[in-house]
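Novice: One structure coming up, written as structure tokens, with questions to follow.
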Amino acid sequence: MPETMIEIEDLCQSYGRKVAVDHLTLHIPRGMFGLLGPNGAGKTTLMRTIAALMRCQQGAVTVCGASVQKPAAVRPHIGYLPQDFALYPNMTAEGALQYLGLLSGLSAACRRARIPALLEQMNLAEQAHKRVRALSGGMLRRLGIAQALLHDPEVLILDEPTAGLDPEERVRLRALLGELAEQKTVLLSTHVVGDIEASCGEVAVMDGGRLVYCGAVEALRRRAQGKVYETELSHGSLAAFRAHHPVTAVSGTGKSCTVRFLAPEEDPCIGRPCEPSVEDAYLLCVHAAGGERQ
Amino acid sequence: MKLFLTECRRLLHSAVYWLTLLCLVFFLASQGVLPDDKTIEEPQPGAEQSVLVPSNDPALIMPEAVSALYEGFVSNNFSTYPHGLIKHVKLTAAKQGQLAQLLAQLTGLSAEELLAAANAEGGQSGAFAVGGDDLQLNPDGSVTITGGAASAAAPDGPGSAGVPLRAGLAWEEFTGLMEQADRLLGGGSDWAVDGLSGYGRVPATYDALLEEYQASLAHDRYTGAHARLFCDYAVCMLSLLPAFTAAAFFWQDRRRIAPVLYTRRVSGAALICARFLALVALQFLPVLLLGGWLTVHYAAVYGAAAISWTAFFTTSVFWLLPTLLLVTALSLLVTVATGTPAAVALQALWWFSELMGGTGGLSDGSTYGSLLAPRHNSLGQYLVFQQQLPRLAGGRLLAAVLAVLLTAAAVAVFERKRKGGFSWHGRFASAARS
């Protein structure tokens with residue numbers, strides 16, 4: 001099994017005149033890999049291309065050595081959780097997994113063994129006979145991960161798996177994904193920096209279809225060293241301040257607030273330098289690439 | 001096989017499936033074929049023969065057709081069926097003049113006389129007569145022929161001897177003038193050439209009825225005839241209802257569910273074919289069950305040894321199955337391609353135009369040439385059925401072949417969509433979200 005599980009070489013994808021992925025080259029190793037970027041960065045398009053749901057218009061993508069130009073060869077290696085995940089609402093959770101397991105080519109014996117174990121692993125054993133439409137958002141996401149794991153693929157492609165979840169569910173899901181990443185390659189796309197910070201060692205940052213950073217999360221954070229400052233401002237002057245400095249966080253109530261901002265080029269001569277977070281580094285990255293703040 | 005059985009189980013949970021099944025059974029019951037309230041009996045000599053058959057005799061057809069045309073001309077009110085939909089036609093003055101010219105050529109009367117009769121105060125069809133040596137306009141607007149045996153030809157009876165037509169009017173000229181009249185009325189009228197067999201019908205003779213009865217007995221063995229009538233009504237529903245079931249079944253794979261399916265190992269061919277076969281099997285099975293029940297019923301009516309025990313099954317397979325295959329295949333292709341239930345609207349349009357318009361129909365409403373819903377709207381009529389069998393068989397075979405091709409097309413579309421083709425739904429919204 002190759003160490004690099006997913007290889008992307010000079011990939012270009014577009015929808016008509018809109019370029020969604022622009023000459024992207026990326027090599028994704030085993031383990032948990034984060035794909036970070038604002039809305040419209042091209043993450044879902046990239047995920048769909050890797051999952052062989054979109055043809056490569058230019059460039060090459062291979063998954064576990066199989067080219068996505070031959071989807072039938074790629075499908076056994078991947079489990080995919082789409083951003084807008086849904087299943088047949090009138091099926092039970094177990095029934096849905098049985099059906100999808102059959103479509104994945106699993107034998108009856110294999111399904112009998114795997115499905116209860118998966119439901120247990122996803123903490124859905126008690127919801128096995130509940131209809132899909134009756135599951136909560138978090139339960140549905142966990143069922144989505146369960147269906148992606150049915151045929152025990154080497155690669156999991158999870159498109160914004162924590163979107164819409166409450167903080168508790170989010171934490172639970174991150175822990176689960178961390179466990180999975182010990183045995184598989186988990187490609188996790190999100191626009192929530194906290195997901196990456198909590199789960200991923202490696203990250204790629206996309207903006208406007210381009211790759212603006214690829215490497216360790218810690219290295220990304222260190223890039224923002226000496227470029228993040230804090231100062232106190234009155235609320236009234238905040239708007240004017242934003243016009244000149246990219247603001248990453250505002251906290252405090254009352255007449256004044258504490259503003260955290262980026263000074264990528266030079267000493268802003270205002271405020272005090274502070275230890276950058278991954279979010280600061282991400283926003284610095286996107287700002288440098290000309291992207292919009294979230 | 002496992003996938004087929006799983007899809008059958010899924011379909012059994014579909015409310016739309018059960019609703020359409022109920023509609024089919026309710027419709028058949030309402031049409032009196034569950035079971036048929038009529039039975040096949042040997043014709044008796046001397047009894048009044050109430051069965052009318054086309055005479056194909058120009059001498060009978062021409063006076064009746066002209067009478068009916070004149071009646072419409074006087075009242076200026078025609079019912080036509082262009083494109084299968086009823087239309088009430090009232091001619092403009094100019095077109096009435098043109099029709100008067102046609103009638104003049106048919107009757108030998110002058111167009112002015114005919115128009116005067118039509119324009120007379122209270123000019124209703126009333127008592128009227130056509131042609132004749134002496135044409136008398138009555139005060140109430142009716143026209144009486146004096147001399148000869150002119151009388152209004154009763155629509156159900158033979159034309160009276162001596163119903164005057166223009167002397168020397170040949171059949172070819174007559175049909176040409178009728179075609180012109182039909183065009184004047186916008187088409188779909190009873191005077192179109194293929195509608196003229198509705199005129200000049202005569203009571204069947206005892207010998208003809210006996211020949212029909214004996215042929216039916218030898219070949220139909222009672223249940224064959226009942227099976228044809230059963231299929232005649234069943235095809236009306238099976239040419240529409242399966243579209244609802246197929247569209248609802250495939251529409252479940254809407255945009256959000258589709259990616260989960262597309263990344264599975266199963267081939268498009270295996271999935272589509274399993275679903276197609278499940279739809280066909282579960283919608284045809286009730287038809288076979290009804291056929292079985294009717295066979296047992298008619299065994300009690302005619303005697304077990306007298307009937308054909310397979311007629312309902314073979315006739316259903318031959319007559320109904322191709323329609324079911326075609327409608328299901330078309331609906332699944334449209335639903336897979338568009339991701340919408342548009343297949344229902346499309347099928348409804350086709351169904352309505354076919355059933356209302358007919359395709360080369362016979363005068364009793366039977367239509368053997370229909371690709372979608374061939375009809376045989378009478379009990380018995382074995383000899384007519386035999387005569388039309390090649391046409392019917394050709395249509396059934398074509399329907400089945402088309403079904404296979406449409407299913408193959410659905411597989412191709414599914415595979416293409418799976419790889420990102422034809423995905424216009426939410427394309428830019430998805431890209432924006434990423």
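Quick note on naming: the chains in the structure tokens go A, B, ... in the order shown, residues restart at 1 in each chain, and ligands are numbered from 1 in order of appearance.
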Compile the residues of chain A that lie within 6 Å of chain B, evaluated using only C-alpha atoms, and express the compilation as a list in words.
Specialist: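 So the residues of chain A near chain B are Asn39, Gly40, Ala41, Gly42, Lys43, Thr44, Leu53, Met54, Arg75, Asp84, Phe85, Ala86, Leu87, Leu103 and Ser104 of chain A.
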Novice: How about saving the chosen residues, C-alpha atoms kept, as a tab-separated table (two decimals), in the first residue's frame?
Specialist:
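Contents of the output file result-v2.tsv:
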```tsv
chain	number	residue	atom	x	y	z
A	39	ASN	CA	-17.10	28.90	1.05
A	40	GLY	CA	-16.45	28.75	-2.66
A	41	ALA	CA	-12.82	27.73	-2.25
A	42	GLY	CA	-13.27	24.53	-4.27
A	43	LYS	CA	-13.21	22.00	-1.44
A	44	THR	CA	-16.39	20.14	-2.39
A	53	LEU	CA	-18.19	11.83	-8.86
A	54	MET	CA	-16.73	14.37	-11.26
A	75	ARG	CA	-15.03	2.93	-5.53
A	84	ASP	CA	-25.64	17.41	2.07
A	85	PHE	CA	-26.06	13.89	3.35
A	86	ALA	CA	-29.44	12.18	3.27
A	87	LEU	CA	-30.85	8.66	3.13
A	103	LEU	CA	-25.08	-2.13	-3.13
A	104	SER	CA	-21.46	-2.21	-1.94
```
Novice: For atom CA of B:Pro63 and atom CA of B:Val193, quote the distance in Å rounded to one decimal.
Specialist: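 Calculated distance between atom CA of B:Pro63 and atom CA of B:Val193 is 14.8 Å.
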Novice: Going by DSSP on the backbone, which residues of stretch 7-237 of chain A come out as alpha helix (DSSP H)? List them as a PyMOL selection string.
Specialist: chain A and resi 43-50+71-74+93-103+108-121+137-149+167-180+193-199+217-223
Novice: I need the residue nearest B:Gly292 from this list: B:Cys23, B:Ala399, B:Leu34, B:Ala225. Use only C-alpha atoms for the distance.
Specialist: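 Comparing B:Cys23, B:Ala399, B:Leu34, B:Ala225 against B:Gly292, the winner is B:Leu34.
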Novice: Which polymer residues have any atom within 7 Å of an atom of stretch 314-327 of chain B, counting only C-alpha atoms, with same-chain residues fewer than 3 positions away left out, as an mmCIF file with C-alpha atoms, in the first residue's frame?
Specialist:
```
data_model
loop_
_atom_site.group_PDB
_atom_site.id
_atom_site.type_symbol
_atom_site.label_atom_id
_atom_site.label_comp_id
_atom_site.auth_asym_id
_atom_site.auth_seq_id
_atom_site.Cartn_x
_atom_site.Cartn_y
_atom_site.Cartn_z
ATOM 1 C CA ALA B 227 -59.455 -12.470 -21.382
ATOM 2 C CA ARG B 228 -59.386 -10.147 -24.377
ATOM 3 C CA CYS B 231 -57.094 -6.897 -21.237
ATOM 4 C CA VAL B 235 -54.571 -1.781 -20.674
ATOM 5 C CA LEU B 238 -51.643 -0.092 -17.285
ATOM 6 C CA SER B 239 -50.791 2.499 -19.929
ATOM 7 C CA PRO B 242 -47.079 2.408 -13.851
ATOM 8 C CA ALA B 243 -45.689 5.870 -14.616
ATOM 9 C CA VAL B 280 -42.688 -4.846 -13.669
ATOM 10 C CA THR B 310 -54.235 -20.621 -19.663
ATOM 11 C CA ALA B 311 -56.067 -17.997 -21.729
ATOM 12 C CA LEU B 330 -40.031 5.394 -20.297
ATOM 13 C CA SER B 331 -40.898 6.655 -16.824
ATOM 14 C CA LEU B 372 -49.359 1.947 -26.045
ATOM 15 C CA ALA B 373 -52.891 0.615 -25.521
ATOM 16 C CA ARG B 396 -46.611 -5.594 -28.990
ATOM 17 C CA ALA B 399 -43.388 -1.954 -27.527
ATOM 18 C CA ALA B 400 -41.243 -4.617 -25.873
ATOM 19 C CA LEU B 402 -38.638 -0.065 -27.206
ATOM 20 C CA ALA B 403 -38.829 -0.889 -23.521
#
```
Novice: As a ChimeraX atom specification, please: every residue in stretch 107-272 of chain A that a backbone DSSP assignment puts in strand (DSSP E).
Specialist: /A:155-159,185-190,202-207,210-216,228-234,247-251,256-262,272
Novice: Restricting the output to N, CA and C atoms, write the selected residues as a tab-separated table (two decimals), in the first residue's frame.
Specialist:
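Once written, again_3.tsv looks like this:
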```
chain	number	residue	atom	x	y	z
A	155	VAL	N	-9.75	4.74	2.35
A	155	VAL	CA	-9.82	6.20	2.35
A	155	VAL	C	-11.25	6.65	2.69
A	156	LEU	N	-11.34	7.57	3.64
A	156	LEU	CA	-12.64	8.19	3.95
A	156	LEU	C	-12.61	9.63	3.48
A	157	ILE	N	-13.62	10.01	2.73
A	157	ILE	CA	-13.71	11.39	2.23
A	157	ILE	C	-14.94	12.00	2.89
A	158	LEU	N	-14.70	12.93	3.80
A	158	LEU	CA	-15.79	13.49	4.59
A	158	LEU	C	-15.90	14.98	4.30
A	159	ASP	N	-17.00	15.35	3.69
A	159	ASP	CA	-17.19	16.75	3.29
A	159	ASP	C	-18.00	17.47	4.35
A	185	THR	N	-6.96	6.53	5.95
A	185	THR	CA	-6.74	7.91	5.54
A	185	THR	C	-8.08	8.62	5.61
A	186	VAL	N	-8.12	9.68	6.38
A	186	VAL	CA	-9.37	10.44	6.51
A	186	VAL	C	-9.11	11.83	5.96
A	187	LEU	N	-9.81	12.15	4.87
A	187	LEU	CA	-9.72	13.48	4.28
A	187	LEU	C	-10.94	14.27	4.74
A	188	LEU	N	-10.69	15.28	5.52
A	188	LEU	CA	-11.77	16.02	6.18
A	188	LEU	C	-11.79	17.44	5.65
A	189	SER	N	-12.87	17.81	5.02
A	189	SER	CA	-12.96	19.19	4.54
A	189	SER	C	-13.88	19.98	5.45
A	190	THR	N	-13.50	21.21	5.73
A	190	THR	CA	-14.28	22.03	6.64
A	190	THR	C	-13.91	23.49	6.44
A	202	GLU	N	-1.93	17.35	9.46
A	202	GLU	CA	-1.59	17.99	8.19
A	202	GLU	C	-2.82	18.70	7.65
A	203	VAL	N	-2.57	19.78	6.97
A	203	VAL	CA	-3.71	20.54	6.42
A	203	VAL	C	-3.34	21.16	5.10
A	204	ALA	N	-4.32	21.29	4.21
A	204	ALA	CA	-4.16	22.07	2.99
A	204	ALA	C	-5.19	23.19	3.05
A	205	VAL	N	-4.77	24.39	2.72
A	205	VAL	CA	-5.68	25.53	2.70
A	205	VAL	C	-5.95	25.91	1.25
A	206	MET	N	-7.23	25.98	0.94
A	206	MET	CA	-7.63	26.38	-0.43
A	206	MET	C	-8.34	27.71	-0.39
A	207	ASP	N	-8.15	28.47	-1.43
A	207	ASP	CA	-8.90	29.71	-1.57
A	207	ASP	C	-9.00	30.02	-3.06
A	210	ARG	N	-7.41	27.61	-5.52
A	210	ARG	CA	-5.95	27.39	-5.50
A	210	ARG	C	-5.52	26.87	-4.13
A	211	LEU	N	-4.39	26.19	-4.13
A	211	LEU	CA	-3.79	25.73	-2.89
A	211	LEU	C	-2.89	26.85	-2.38
A	212	VAL	N	-3.21	27.36	-1.19
A	212	VAL	CA	-2.40	28.48	-0.67
A	212	VAL	C	-1.47	28.02	0.46
A	213	TYR	N	-1.72	26.82	0.99
A	213	TYR	CA	-0.80	26.27	1.99
A	213	TYR	C	-1.00	24.77	2.04
A	214	CYS	N	0.10	24.05	2.24
A	214	CYS	CA	0.00	22.62	2.49
A	214	CYS	C	1.14	22.23	3.41
A	215	GLY	N	0.80	21.62	4.53
A	215	GLY	CA	1.84	21.21	5.47
A	215	GLY	C	1.27	20.95	6.84
A	216	ALA	N	2.12	20.94	7.84
A	216	ALA	CA	1.68	20.65	9.21
A	216	ALA	C	0.85	21.82	9.75
A	228	VAL	N	0.43	38.83	14.53
A	228	VAL	CA	-0.90	38.91	15.15
A	228	VAL	C	-0.81	39.83	16.36
A	229	TYR	N	-1.70	40.78	16.45
A	229	TYR	CA	-1.67	41.78	17.51
A	229	TYR	C	-3.05	41.90	18.15
A	230	GLU	N	-3.00	42.51	19.35
A	230	GLU	CA	-4.24	42.80	20.07
A	230	GLU	C	-4.22	44.24	20.52
A	231	THR	N	-5.39	44.85	20.51
A	231	THR	CA	-5.48	46.22	21.03
A	231	THR	C	-6.87	46.45	21.53
A	232	GLU	N	-7.00	47.55	22.34
A	232	GLU	CA	-8.34	47.92	22.83
A	232	GLU	C	-8.85	49.10	22.03
A	233	LEU	N	-10.08	49.02	21.65
A	233	LEU	CA	-10.70	50.09	20.87
A	233	LEU	C	-12.10	50.34	21.39
A	234	SER	N	-12.59	51.53	21.10
A	234	SER	CA	-14.01	51.76	21.38
A	234	SER	C	-14.81	51.15	20.23
A	247	VAL	N	-9.27	42.04	10.87
A	247	VAL	CA	-9.60	41.70	12.25
A	247	VAL	C	-9.97	40.22	12.32
A	248	THR	N	-9.39	39.51	13.25
A	248	THR	CA	-9.69	38.07	13.37
A	248	THR	C	-10.65	37.75	14.50
A	249	ALA	N	-10.69	38.63	15.52
A	249	ALA	CA	-11.62	38.37	16.63
A	249	ALA	C	-11.90	39.67	17.36
A	250	VAL	N	-13.09	39.79	17.88
A	250	VAL	CA	-13.48	40.93	18.71
A	250	VAL	C	-14.11	40.37	19.96
A	251	SER	N	-13.64	40.83	21.11
A	251	SER	CA	-14.25	40.33	22.35
A	251	SER	C	-14.42	41.49	23.31
A	256	SER	N	-15.61	49.65	25.44
A	256	SER	CA	-14.45	49.27	24.62
A	256	SER	C	-14.42	47.78	24.40
A	257	CYS	N	-13.61	47.35	23.42
A	257	CYS	CA	-13.51	45.93	23.12
A	257	CYS	C	-12.05	45.60	22.82
A	258	THR	N	-11.74	44.33	22.95
A	258	THR	CA	-10.39	43.86	22.61
A	258	THR	C	-10.42	43.32	21.19
A	259	VAL	N	-9.59	43.87	20.36
A	259	VAL	CA	-9.58	43.51	18.95
A	259	VAL	C	-8.29	42.76	18.63
A	260	ARG	N	-8.44	41.65	17.99
A	260	ARG	CA	-7.30	40.84	17.56
A	260	ARG	C	-7.19	41.02	16.05
A	261	PHE	N	-6.00	41.42	15.57
A	261	PHE	CA	-5.92	41.71	14.15
A	261	PHE	C	-4.59	41.25	13.59
A	262	LEU	N	-4.52	41.24	12.27
A	262	LEU	CA	-3.33	40.79	11.56
A	262	LEU	C	-2.56	41.99	11.03
A	272	ARG	N	-0.35	45.17	20.90
A	272	ARG	CA	0.76	44.36	21.37
A	272	ARG	C	0.75	43.03	20.62
```
Novice: Between A:Ala263, A:Leu106, A:Ala52, A:Ala240, which has the minimum distance to A:Gln225 (counting only C-alpha atoms)?
Specialist: A:Ala263
Novice: To one decimal place in Å, what is the distance between atom CA of A:Glu182 and atom CA of A:Leu150?
Specialist: 17.2 Å
Novice: Counting only C-alpha atoms, figure out which residue out of A:Ala125, A:Leu100, A:Ala219, A:Ile28 gets nearest to A:Gln147.
Specialist: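 Counting only C-alpha atoms, the residue closest to A:Gln147 is A:Leu100.
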Novice: Compile the contact shell of A:Glu154 as a count of residues only: residues with an atom at most 8 Å away, counting only C-alpha atoms, same-chain residues fewer than 4 positions apart removed.
Specialist: 5
Novice: So how many Å separate atom CA of A:Pro276 and atom CA of A:Ala175, to one decimal?
Specialist: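 About the pair atom CA of A:Pro276 and atom CA of A:Ala175: they are 24.4 Å apart.
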Novice: Compile the contact shell of B:Ala345 as a ChimeraX atom specification: residues with an atom at most 10 Å away, counting only C-alpha atoms, same-chain residues fewer than 3 positions apart removed.
Specialist: /B:240,243-244,331,341-342,348-351
